[in-house]
Each structure stands twice: as C-alpha cells, then as structure tokens.
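Everything below belongs to target_26.cif, which stores mmCIF, C-alpha atoms.
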```cif
data_final
loop_
_atom_site.label_atom_id
_atom_site.label_comp_id
_atom_site.auth_asym_id
_atom_site.auth_seq_id
_atom_site.Cartn_x
_atom_site.Cartn_y
_atom_site.Cartn_z
CA MET A 1 -102.91 -52.26 25.81
CA LYS A 2 -100.30 -54.95 26.32
CA THR A 3 -96.91 -55.68 24.80
CA ILE A 4 -96.88 -58.63 22.40
CA LYS A 5 -94.49 -61.41 23.36
CA GLY A 6 -91.75 -62.54 21.03
CA PRO A 7 -90.08 -63.34 18.87
CA GLY A 8 -91.23 -66.94 18.63
CA LEU A 9 -90.60 -69.55 15.93
CA PHE A 10 -92.83 -72.37 14.68
CA LEU A 11 -90.53 -75.40 14.51
CA ALA A 12 -92.54 -77.49 12.02
CA GLN A 13 -90.66 -76.20 8.97
CA PHE A 14 -87.27 -76.81 10.58
CA ALA A 15 -87.46 -80.17 12.37
CA GLY A 16 -85.49 -82.84 10.50
CA ASP A 17 -83.20 -85.83 10.78
CA GLU A 18 -79.95 -83.86 10.82
CA ALA A 19 -78.46 -81.88 13.71
CA PRO A 20 -79.33 -79.42 15.11
CA PHE A 21 -82.91 -80.03 13.98
CA ASN A 22 -83.33 -83.63 15.14
CA SER A 23 -83.78 -83.30 18.90
CA TRP A 24 -85.59 -81.07 21.37
CA ASP A 25 -82.36 -80.05 23.07
CA SER A 26 -80.45 -79.10 19.94
CA ILE A 27 -83.30 -77.39 18.06
CA THR A 28 -84.16 -75.18 21.04
CA ARG A 29 -80.51 -74.19 21.42
CA TRP A 30 -80.42 -73.35 17.70
CA ALA A 31 -83.63 -71.29 17.95
CA ALA A 32 -82.26 -69.30 20.87
CA ASP A 33 -79.04 -68.70 18.94
CA CYS A 34 -81.13 -67.28 16.09
CA GLY A 35 -82.58 -64.73 18.51
CA TYR A 36 -85.88 -66.37 19.49
CA LYS A 37 -87.39 -66.26 22.95
CA GLY A 38 -90.10 -68.86 22.30
CA VAL A 39 -90.84 -71.87 20.10
CA GLN A 40 -94.15 -73.27 18.88
CA LEU A 41 -93.97 -77.05 19.08
CA PRO A 42 -95.46 -79.37 16.41
CA SER A 43 -97.09 -82.06 18.55
CA TRP A 44 -96.91 -84.72 15.81
CA ASP A 45 -93.12 -84.75 15.60
CA GLY A 46 -91.79 -87.60 17.75
CA ARG A 47 -88.25 -86.27 17.48
CA LEU A 48 -89.31 -83.30 19.62
CA ILE A 49 -92.12 -84.54 21.87
CA ASP A 50 -93.83 -87.74 23.04
CA LEU A 51 -97.40 -86.45 22.94
CA ALA A 52 -99.01 -89.33 24.82
CA ARG A 53 -96.45 -89.03 27.58
CA ALA A 54 -96.94 -85.26 27.74
CA ALA A 55 -100.66 -85.80 28.22
CA GLU A 56 -100.19 -88.21 31.11
CA SER A 57 -97.11 -86.83 32.89
CA ARG A 58 -96.60 -83.33 34.23
CA ASP A 59 -93.09 -84.37 35.21
CA TYR A 60 -92.31 -85.05 31.56
CA CYS A 61 -93.80 -81.68 30.61
CA ASP A 62 -91.65 -80.02 33.25
CA GLU A 63 -88.62 -81.74 31.67
CA LEU A 64 -89.57 -80.45 28.21
CA ALA A 65 -90.04 -76.93 29.48
CA GLY A 66 -86.86 -77.19 31.55
CA VAL A 67 -84.72 -78.16 28.58
CA ALA A 68 -86.16 -75.26 26.59
CA ALA A 69 -85.59 -72.81 29.44
CA ALA A 70 -82.02 -74.00 29.95
CA ASN A 71 -81.41 -73.26 26.27
CA GLY A 72 -82.96 -69.80 26.46
CA VAL A 73 -86.49 -70.24 25.08
CA GLU A 74 -89.96 -71.16 26.30
CA ILE A 75 -92.75 -73.15 24.69
CA THR A 76 -95.32 -70.74 23.25
CA GLU A 77 -97.97 -73.27 22.19
CA LEU A 78 -98.44 -76.77 20.86
CA SER A 79 -99.62 -77.22 17.28
CA THR A 80 -102.02 -79.91 16.01
CA HIS A 81 -102.28 -78.68 12.42
CA LEU A 82 -101.83 -82.12 10.87
CA GLN A 83 -104.07 -83.95 13.32
CA GLY A 84 -106.75 -81.27 13.12
CA GLN A 85 -106.73 -81.61 9.35
CA LEU A 86 -107.71 -85.26 9.77
CA VAL A 87 -110.67 -84.54 12.03
CA ALA A 88 -112.59 -83.81 8.82
CA VAL A 89 -111.40 -85.03 5.41
CA HIS A 90 -113.41 -85.05 2.20
CA PRO A 91 -112.98 -88.40 0.36
CA ALA A 92 -111.28 -86.60 -2.54
CA TYR A 93 -108.33 -85.99 -0.19
CA ASP A 94 -108.21 -89.38 1.51
CA GLU A 95 -105.03 -90.48 -0.20
CA ALA A 96 -103.36 -87.07 -0.14
CA PHE A 97 -103.65 -86.86 3.65
CA GLU A 98 -102.86 -90.49 4.47
CA GLY A 99 -99.30 -89.65 5.41
CA PHE A 100 -100.46 -87.41 8.25
CA ALA A 101 -101.89 -90.36 10.18
CA ALA A 102 -100.20 -93.05 12.23
CA PRO A 103 -99.47 -96.18 10.13
CA GLU A 104 -102.09 -98.24 11.95
CA ALA A 105 -104.82 -95.71 11.03
CA ARG A 106 -104.07 -95.47 7.32
CA GLY A 107 -106.39 -96.88 4.71
CA ASN A 108 -109.37 -96.63 7.05
CA PRO A 109 -111.02 -93.18 7.13
CA ALA A 110 -113.03 -93.94 10.29
CA ALA A 111 -109.93 -95.17 12.15
CA ARG A 112 -107.94 -92.19 10.86
CA GLN A 113 -110.53 -89.74 12.14
CA ALA A 114 -110.72 -91.45 15.53
CA TRP A 115 -106.93 -91.32 15.79
CA ALA A 116 -106.92 -87.61 14.90
CA VAL A 117 -109.59 -86.76 17.46
CA GLU A 118 -107.63 -88.57 20.16
CA GLN A 119 -104.45 -86.79 19.13
CA VAL A 120 -106.11 -83.38 19.48
CA ARG A 121 -107.52 -84.42 22.84
CA LEU A 122 -104.07 -85.50 24.04
CA ALA A 123 -102.54 -82.23 22.85
CA LEU A 124 -105.12 -80.21 24.77
CA THR A 125 -104.36 -82.16 27.93
CA ALA A 126 -100.62 -81.80 27.30
CA SER A 127 -101.08 -78.05 26.79
CA ALA A 128 -102.71 -77.82 30.21
CA ASN A 129 -99.87 -79.85 31.74
CA LEU A 130 -97.40 -77.41 30.19
CA GLY A 131 -99.31 -74.43 31.55
CA LEU A 132 -100.23 -73.18 28.08
CA GLY A 133 -103.45 -71.31 27.37
CA ALA A 134 -103.81 -71.92 23.63
CA MET A 135 -103.24 -74.62 21.01
CA ALA A 136 -102.98 -74.17 17.23
CA SER A 137 -104.90 -76.35 14.78
CA PHE A 138 -106.62 -76.69 11.43
CA SER A 139 -110.36 -77.28 11.20
CA GLY A 140 -110.21 -79.87 8.44
CA ALA A 141 -112.52 -79.65 5.47
CA LEU A 142 -115.64 -81.38 4.21
CA VAL A 143 -116.98 -78.75 1.77
CA TRP A 144 -113.74 -77.22 0.46
CA PRO A 145 -114.02 -79.10 -2.89
CA TYR A 146 -117.26 -77.15 -3.45
CA LEU A 147 -115.69 -73.73 -2.88
CA TYR A 148 -116.43 -72.41 -6.36
CA PRO A 149 -120.16 -72.12 -7.08
CA TRP A 150 -119.96 -74.19 -10.27
CA PRO A 151 -121.39 -76.71 -10.71
CA GLN A 152 -124.26 -75.34 -8.70
CA ARG A 153 -124.18 -76.59 -5.15
CA ALA A 154 -127.10 -78.69 -4.04
CA PRO A 155 -129.36 -76.85 -1.58
CA GLY A 156 -128.25 -77.54 1.97
CA LEU A 157 -124.88 -79.06 0.99
CA VAL A 158 -122.72 -76.40 2.66
CA GLU A 159 -124.98 -76.22 5.70
CA GLU A 160 -124.83 -79.99 6.17
CA GLY A 161 -121.05 -79.91 5.90
CA PHE A 162 -120.68 -77.20 8.53
CA ASP A 163 -123.19 -78.93 10.80
CA GLU A 164 -121.03 -82.06 10.67
CA LEU A 165 -117.80 -80.13 11.14
CA ALA A 166 -119.19 -78.52 14.30
CA ARG A 167 -120.49 -81.88 15.52
CA ARG A 168 -116.99 -83.38 15.26
CA TRP A 169 -115.29 -80.47 16.98
CA ARG A 170 -117.80 -79.74 19.76
CA PRO A 171 -116.58 -82.51 22.12
CA LEU A 172 -113.00 -81.34 21.60
CA LEU A 173 -113.99 -77.75 22.32
CA ASP A 174 -115.67 -78.92 25.51
CA HIS A 175 -112.48 -80.77 26.48
CA ALA A 176 -110.55 -77.58 25.71
CA GLU A 177 -112.82 -75.75 28.13
CA ALA A 178 -112.12 -78.36 30.81
CA CYS A 179 -108.39 -77.91 30.18
CA GLY A 180 -108.53 -74.12 30.13
CA VAL A 181 -107.01 -74.05 26.63
CA ASP A 182 -108.22 -72.16 23.54
CA ILE A 183 -108.28 -74.00 20.22
CA CYS A 184 -106.93 -71.48 17.73
CA TYR A 185 -107.97 -72.45 14.22
CA GLU A 186 -105.61 -71.15 11.57
CA ILE A 187 -107.88 -69.48 9.02
CA HIS A 188 -106.39 -71.04 5.94
CA PRO A 189 -107.30 -71.97 2.34
CA GLY A 190 -107.85 -75.72 2.09
CA GLU A 191 -109.76 -75.65 5.39
CA ASP A 192 -113.48 -75.10 5.70
CA LEU A 193 -112.54 -72.21 8.01
CA HIS A 194 -110.69 -70.11 5.46
CA ASP A 195 -112.08 -66.59 5.99
CA GLY A 196 -114.20 -64.60 8.41
CA ILE A 197 -117.55 -65.71 7.03
CA THR A 198 -116.74 -69.42 7.25
CA TYR A 199 -115.36 -68.94 10.77
CA GLU A 200 -118.64 -67.29 11.76
CA MET A 201 -120.63 -70.16 10.21
CA PHE A 202 -118.66 -72.62 12.34
CA LEU A 203 -118.83 -70.47 15.46
CA GLU A 204 -122.62 -70.20 15.24
CA ARG A 205 -122.93 -73.98 15.01
CA THR A 206 -120.77 -74.49 18.10
CA GLY A 207 -122.99 -72.18 20.12
CA ASN A 208 -120.37 -69.42 19.97
CA HIS A 209 -118.11 -71.68 21.97
CA ALA A 210 -115.68 -69.62 24.07
CA ARG A 211 -112.75 -71.89 23.14
CA ALA A 212 -113.29 -71.70 19.35
CA CYS A 213 -110.69 -69.02 18.64
CA MET A 214 -108.52 -67.82 15.77
CA LEU A 215 -104.90 -68.08 14.73
CA TYR A 216 -104.30 -64.89 12.75
CA ASP A 217 -101.93 -65.14 9.78
CA PRO A 218 -102.10 -62.18 7.37
CA SER A 219 -100.32 -64.03 4.55
CA HIS A 220 -103.40 -66.16 3.89
CA TYR A 221 -105.53 -63.03 3.65
CA VAL A 222 -103.20 -61.29 1.18
CA LEU A 223 -103.58 -64.24 -1.19
CA GLN A 224 -107.38 -64.03 -0.88
CA CYS A 225 -107.42 -60.25 -1.38
CA LEU A 226 -109.00 -59.91 2.08
CA ASP A 227 -108.45 -56.81 4.24
CA TYR A 228 -106.13 -58.28 6.86
CA VAL A 229 -106.05 -55.17 9.09
CA GLU A 230 -109.82 -54.78 9.19
CA ASN A 231 -109.97 -58.49 10.03
CA ILE A 232 -108.26 -57.65 13.34
CA GLU A 233 -110.80 -54.90 14.00
CA ILE A 234 -113.64 -57.38 13.47
CA TYR A 235 -112.28 -60.48 15.22
CA HIS A 236 -109.79 -59.18 17.80
CA GLU A 237 -111.76 -60.67 20.68
CA ARG A 238 -111.28 -64.14 19.15
CA ILE A 239 -107.68 -63.78 17.93
CA ARG A 240 -105.53 -65.61 20.48
CA MET A 241 -102.56 -66.60 18.32
CA PHE A 242 -100.45 -64.84 15.67
CA HIS A 243 -98.24 -66.20 12.89
CA VAL A 244 -95.82 -63.71 11.36
CA LYS A 245 -95.74 -64.83 7.74
CA ASP A 246 -95.43 -62.62 4.69
CA ALA A 247 -96.85 -62.97 1.18
CA GLU A 248 -97.07 -61.17 -2.13
CA PHE A 249 -99.83 -61.09 -4.72
CA ARG A 250 -98.87 -59.93 -8.22
CA PRO A 251 -101.77 -60.68 -10.58
CA SER A 252 -101.02 -60.80 -14.28
CA GLY A 253 -102.90 -61.12 -17.54
CA ARG A 254 -102.36 -64.88 -17.35
CA GLN A 255 -102.86 -65.74 -13.69
CA GLY A 256 -104.82 -64.65 -10.66
CA VAL A 257 -105.96 -65.92 -7.26
CA TYR A 258 -106.29 -69.57 -8.31
CA GLY A 259 -102.70 -69.87 -9.45
CA GLY A 260 -103.13 -71.88 -12.65
CA PHE A 261 -101.86 -75.12 -11.00
CA GLN A 262 -98.36 -73.64 -10.93
CA PRO A 263 -95.66 -74.45 -8.34
CA TRP A 264 -95.04 -71.85 -5.64
CA ILE A 265 -92.14 -70.23 -7.48
CA SER A 266 -94.40 -69.55 -10.50
CA ARG A 267 -97.56 -68.45 -8.71
CA VAL A 268 -98.57 -64.78 -8.62
CA GLY A 269 -99.52 -65.34 -4.99
CA ARG A 270 -96.46 -66.53 -3.04
CA PHE A 271 -95.39 -66.82 0.58
CA ARG A 272 -92.25 -64.86 1.45
CA SER A 273 -89.95 -64.40 4.41
CA PRO A 274 -91.07 -61.65 6.82
CA GLY A 275 -90.33 -58.27 5.29
CA ASP A 276 -89.89 -59.57 1.74
CA GLY A 277 -93.60 -59.55 0.86
CA GLU A 278 -96.32 -56.93 0.95
CA VAL A 279 -97.92 -57.38 4.38
CA ASP A 280 -97.92 -54.08 6.27
CA PHE A 281 -96.66 -55.52 9.54
CA SER A 282 -96.42 -52.09 11.17
CA ALA A 283 -100.19 -51.81 10.76
CA VAL A 284 -100.72 -55.42 11.91
CA PHE A 285 -98.65 -55.04 15.10
CA SER A 286 -100.29 -51.68 15.79
CA ALA A 287 -103.81 -53.10 15.43
CA LEU A 288 -103.10 -56.14 17.59
CA THR A 289 -101.44 -53.98 20.25
CA THR A 290 -104.31 -51.49 20.21
CA HIS A 291 -106.74 -54.30 20.96
CA GLY A 292 -104.68 -55.78 23.79
CA PHE A 293 -103.32 -58.92 22.14
CA ASP A 294 -100.75 -60.26 24.58
CA GLY A 295 -99.87 -63.57 22.94
CA TRP A 296 -96.76 -64.48 20.99
CA ALA A 297 -95.65 -63.18 17.61
CA VAL A 298 -94.51 -66.48 16.09
CA VAL A 299 -92.60 -66.59 12.81
CA GLU A 300 -93.92 -69.29 10.50
CA TRP A 301 -91.20 -69.41 7.90
CA GLU A 302 -92.40 -70.29 4.40
CA CYS A 303 -90.66 -68.77 1.40
CA CYS A 304 -90.19 -70.08 -2.12
CA LEU A 305 -86.91 -68.17 -2.58
CA LYS A 306 -84.89 -67.75 0.60
CA HIS A 307 -82.91 -70.37 2.51
CA PRO A 308 -84.81 -71.34 5.68
CA GLU A 309 -81.96 -70.68 8.10
CA ASP A 310 -81.47 -67.19 6.69
CA GLY A 311 -85.22 -66.63 6.93
CA ALA A 312 -85.24 -67.81 10.54
CA ARG A 313 -82.44 -65.50 11.67
CA GLU A 314 -83.83 -62.52 9.79
CA GLY A 315 -87.33 -63.28 11.10
CA ALA A 316 -86.26 -63.03 14.73
CA GLN A 317 -84.86 -59.55 14.24
CA PHE A 318 -87.86 -58.55 12.11
CA VAL A 319 -90.29 -59.40 14.91
CA GLU A 320 -88.05 -57.77 17.51
CA ASN A 321 -88.15 -54.57 15.47
CA HIS A 322 -91.95 -54.61 15.16
CA ILE A 323 -93.00 -55.42 18.72
CA ILE A 324 -94.39 -52.26 20.30
CA ARG A 325 -93.46 -51.76 23.95
CA VAL A 326 -96.65 -50.11 25.13
CA THR A 327 -96.48 -46.75 26.80
CA GLU A 328 -97.47 -46.20 30.42
CA ARG A 329 -98.31 -42.53 29.92
CA ALA A 330 -99.72 -40.26 27.25
CA PHE A 331 -97.26 -38.43 25.02
CA ASP A 332 -98.84 -35.06 25.92
CA ASP A 333 -98.84 -35.55 29.69
CA PHE A 334 -96.24 -32.79 29.93
CA ALA A 335 -98.92 -30.29 28.88
CA GLY A 336 -101.53 -31.42 31.36
CA GLY A 337 -102.77 -28.68 33.67
CA GLY A 338 -104.44 -30.86 36.24
CA ALA A 339 -108.05 -30.29 37.30
CA ASP A 340 -110.81 -31.41 39.61
CA ARG A 341 -114.57 -31.62 39.19
CA ALA A 342 -115.14 -28.04 40.23
CA ALA A 343 -112.59 -26.82 37.71
CA ASN A 344 -114.12 -29.00 34.99
CA ARG A 345 -117.55 -27.51 35.68
CA ARG A 346 -116.15 -23.97 35.50
CA MET A 347 -114.48 -24.80 32.17
CA LEU A 348 -117.85 -25.97 30.85
CA GLY A 349 -119.56 -22.84 32.07
CA LEU A 350 -121.61 -24.76 34.59
CA GLY A 351 -120.56 -22.92 37.72
CA ALA A 352 -119.26 -24.47 40.91
#
```

Could you rewrite the structure in this file as structure tokens?
Amino acid sequence: MKTIKGPGLFLAQFAGDEAPFNSWDSITRWAADCGYKGVQLPSWDGRLIDLARAAESRDYCDELAGVAAANGVEITELSTHLQGQLVAVHPAYDEAFEGFAAPEARGNPAARQAWAVEQVRLALTASANLGLGAMASFSGALVWPYLYPWPQRAPGLVEEGFDELARRWRPLLDHAEACGVDICYEIHPGEDLHDGITYEMFLERTGNHARACMLYDPSHYVLQCLDYVENIEIYHERIRMFHVKDAEFRPSGRQGVYGGFQPWISRVGRFRSPGDGEVDFSAVFSALTTHGFDGWAVVEWECCLKHPEDGAREGAQFVENHIIRVTERAFDDFAGGGADRAANRRMLGLGA
C-alpha cells in the first residue's frame, strides 16, 4: 500500500482573465493559499503555459516547475481534455467543438484533427520534460450519437467506430511509450470511452497498450448508476489518475438518467462540490489505497450551486481529511508471539 498524494487542484475551471487567475505565478500562489500541494495544468491555456515551448525546452519546463515550487505547489499532470476531444469528432458535433481548436484549424475537420493530434503529441513530450509520468485526456467520440439502441444500429457500426478511434490514438500511445508517460483517459459521458465496457473495447483494439490508462472520476459513474467502488476493484491496475468530484442522482417521476434536456440546476443528476453529493469518498480512498494507487487526489471543482472559490478551499481540506497515511505495521502486532518454522510445525501437529 502507498499513501495517495494531495490535495491537488485542476486549474481548468479557475483560469481566467482576472487576477489571481490570469497568470501561472498568481494562480499557483492562490492554489497554495487554498491549501493545495499540487496543481493539474490545462495545456491549452496560453495564460498558464506555452505548450510548444514546453515541448522543446526543458529549461522552460524547469522555470514553470520552479515558479510553482516557489509558490508552494508542484505540477501533478498536464491535461489535454480539449485537444483529445478533437482527435475524434462526429460531424454532428463539428460546430459545437469548433471553439476548442486554434483559429487556423477551424472550419476544416481534417485540419482540426491534425492540430489536435499534434497538440497531444506536444503535451506528451512536455510531460516528459517536466518529469511527469501521466497525462489526462479525453478519447473523443465517433459513435456517441448512437449510444441509445434506437434506431437500430447498423451491423458493424460500433465496431468500425472503435476500430477508427484506436487507429487514431495508437501512434499517440506509442509516442507516450517513448516518453514514459501514461495517457489517462477520463471515462466520461460524451466520449466513446464512457464506462468500463467501452474502455475494454478500446483497449483490445490498441493491443492492450500499456500506456492506455484511466482517469478515475466517481462522479461520472454516479450519474450512470455504475458501481464506482467495484470499478476500482476491476480496473485498479489501469487507474493512474484520480479526480475528486462529487455528484448526486435523485430520480423523480418526471426525470431520470437522461436529464430531460434540463440545465444543470434542474437535472436530477448534478455535479456537486466534494462532500456535498453522494459519493462515498471514504470507500473510494480506501479502495484506491488498498490497491496501491500512489498518484494525486486532484479536486475537479464543478458544482451548480456553490461559489467556485468556496468549493476550492473546502475541497483542499476535504481531500486532506480523506487521504489515508498507510500503516507500517499491523494493528495487532502487540499480540504477536513470535515463531519460527519448528514452532509453526508443532502448532500444526506436524512434529519438529
């Protein structure tokens, strides 16, 4: 067993144009003041990082890490959620996702995909330059619009979509191997990898690639009515990243899992600040610790009710309270009598 690191904070929901959220120096100082020891860095946000420069210059990466360290935090991982989303986009979402891409790649799906692939490649190289062992991402989605089995799906449609998804990601996974960095796909509705089964379908098509790992976030499992603790028991060998995000699911006679096209505040399934939802985080931290997870517990703050800065400060203490410092001895060692092989054999009635 190992002690989980933390607390960490994903900065994507906090970066902005106003101080202290508009520069790497000020946002890391703010995060440390909130009680965080690490920050997960959104690689697409030019206010916080120059990704191309990070991929080509270890000196620049040392500067980034140095500023963070001087302010009391370290970089936990880079995130490529937005770029990963664009590695695979169904045409129905072309316009919705246009804003994720660089201006020069918009309006041209092939150029957008090429840009996204290069961005993920740069982030993997930058992760290596920063000395990081994992990078967060989304898988993107080609078959998500066909999630519900009506109208009937054409034979082979899903298989073809997953074959293509794996084909697009395989070169990036190979580059991840060369960099010594795991790609941790956040298992998330809206992505083709949205539960254990779909992750397994992708993993099989990548030849069970060693770098195709998981970002575990129990909130997305609560809203799918999936057993989020058993998920750790099944996939713990592949879970290399952990988002601490809470959720609640309160089905009614009018609304269920699909949400009825309602805004977050009106959905029966809602994200909440850590501790305000229904995730049993004591069980989650216990399961991850039992299986030797030694990565970061990173708060991803998303809540339809609470102010983000309150959620951030409360989240740091919440994680601090849930991290289990693993024991170095058994609780009943005091009662141990000591023995050797001869004594053990006598106790078993086997003689000397």

| task | Go through A:Cys184, A:Val73, A:Leu9, A:Ile27 and flag the residue nearest Lys245 in chain A, using only C-alpha atoms for the distances. | result | A:Leu9

Emit as AutoDock Vina command-line options the padded axis-aligned box for all listed atoms of range 22-30 of chain A, 6 Å per side, with centre and edge lengths in Å to one decimal.
```
--center_x -83.0 --center_y -78.5 --center_z 19.1 --size_x 17.2 --size_y 22.3 --size_z 19.9
```

Near range 153-177 of chain A, 10 Å: range 31-107 of chain A residue rows, closest pairs, only C-alpha atoms, as CSV:
```
residue,atom,partner,partner_atom,distance
A:Gly84,CA,A:Trp169,CA,9.4
A:Val87,CA,A:Arg168,CA,7.2
A:Ala88,CA,A:Leu165,CA,6.8
A:Val89,CA,A:Leu165,CA,9.9
A:His90,CA,A:Gly161,CA,9.9
```

| said: Starting from the PyMOL selection byres ((chain A and resi 299) around 12), expand the selection into actual residues of this file and give them as a VMD selection string. | reply: chain A and resid 5 to 14 31 34 to 40 76 216 to 219 241 to 246 272 to 275 296 to 298 300 to 303 308 311 to 320

| Of the residues A:Asp182, A:Ile232, A:Ile187, A:Val222, which is the one nearest to His209 in chain A, using all atoms listed in the file? |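 Closest to His209 in chain A of all the choices is A:Asp182.
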
| Quick one: distance from CA of Gly66 in chain A to CA of Arg53 in chain A in Å, one decimal? |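 It comes out at 15.7 Å.
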
| remark: Using only C-alpha atoms, the residue out of A:Ala247, A:Glu328, A:Thr3, A:Ser43 with shortest distance to Leu288 in chain A is A:Thr3

| request: May I ask which of the residues A:Val279, A:Val326, A:Ile75, A:Ala128 is the closest one to Ser57 in chain A, counting all atoms listed in the file? | output: A:Ala128

| When you draw a straight line from CA of Phe271 in chain A to CA of Leu142 in chain A, how long is it in Å? |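 Between these atoms lies a distance of 25.2 Å.
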
| message | Calculated over all atoms listed in the file, which of the candidates A:Arg270, A:Trp150, A:Glu186, A:Leu130 has the smallest distance to Ala54 in chain A? | response | A:Leu130

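Non-sequential neighbours of Arg254 in chain A (distance at most 10 Å, separation of 5 or more positions within a chain, only C-alpha atoms) are A:Gly259, A:Gly260, A:Val268.
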
| field | Atom-to-atom span, CA of Asp33 in chain A and CA of Pro20 in chain A, Å | value |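 About the pair CA of Asp33 in chain A and CA of Pro20 in chain A: they are 11.4 Å apart.
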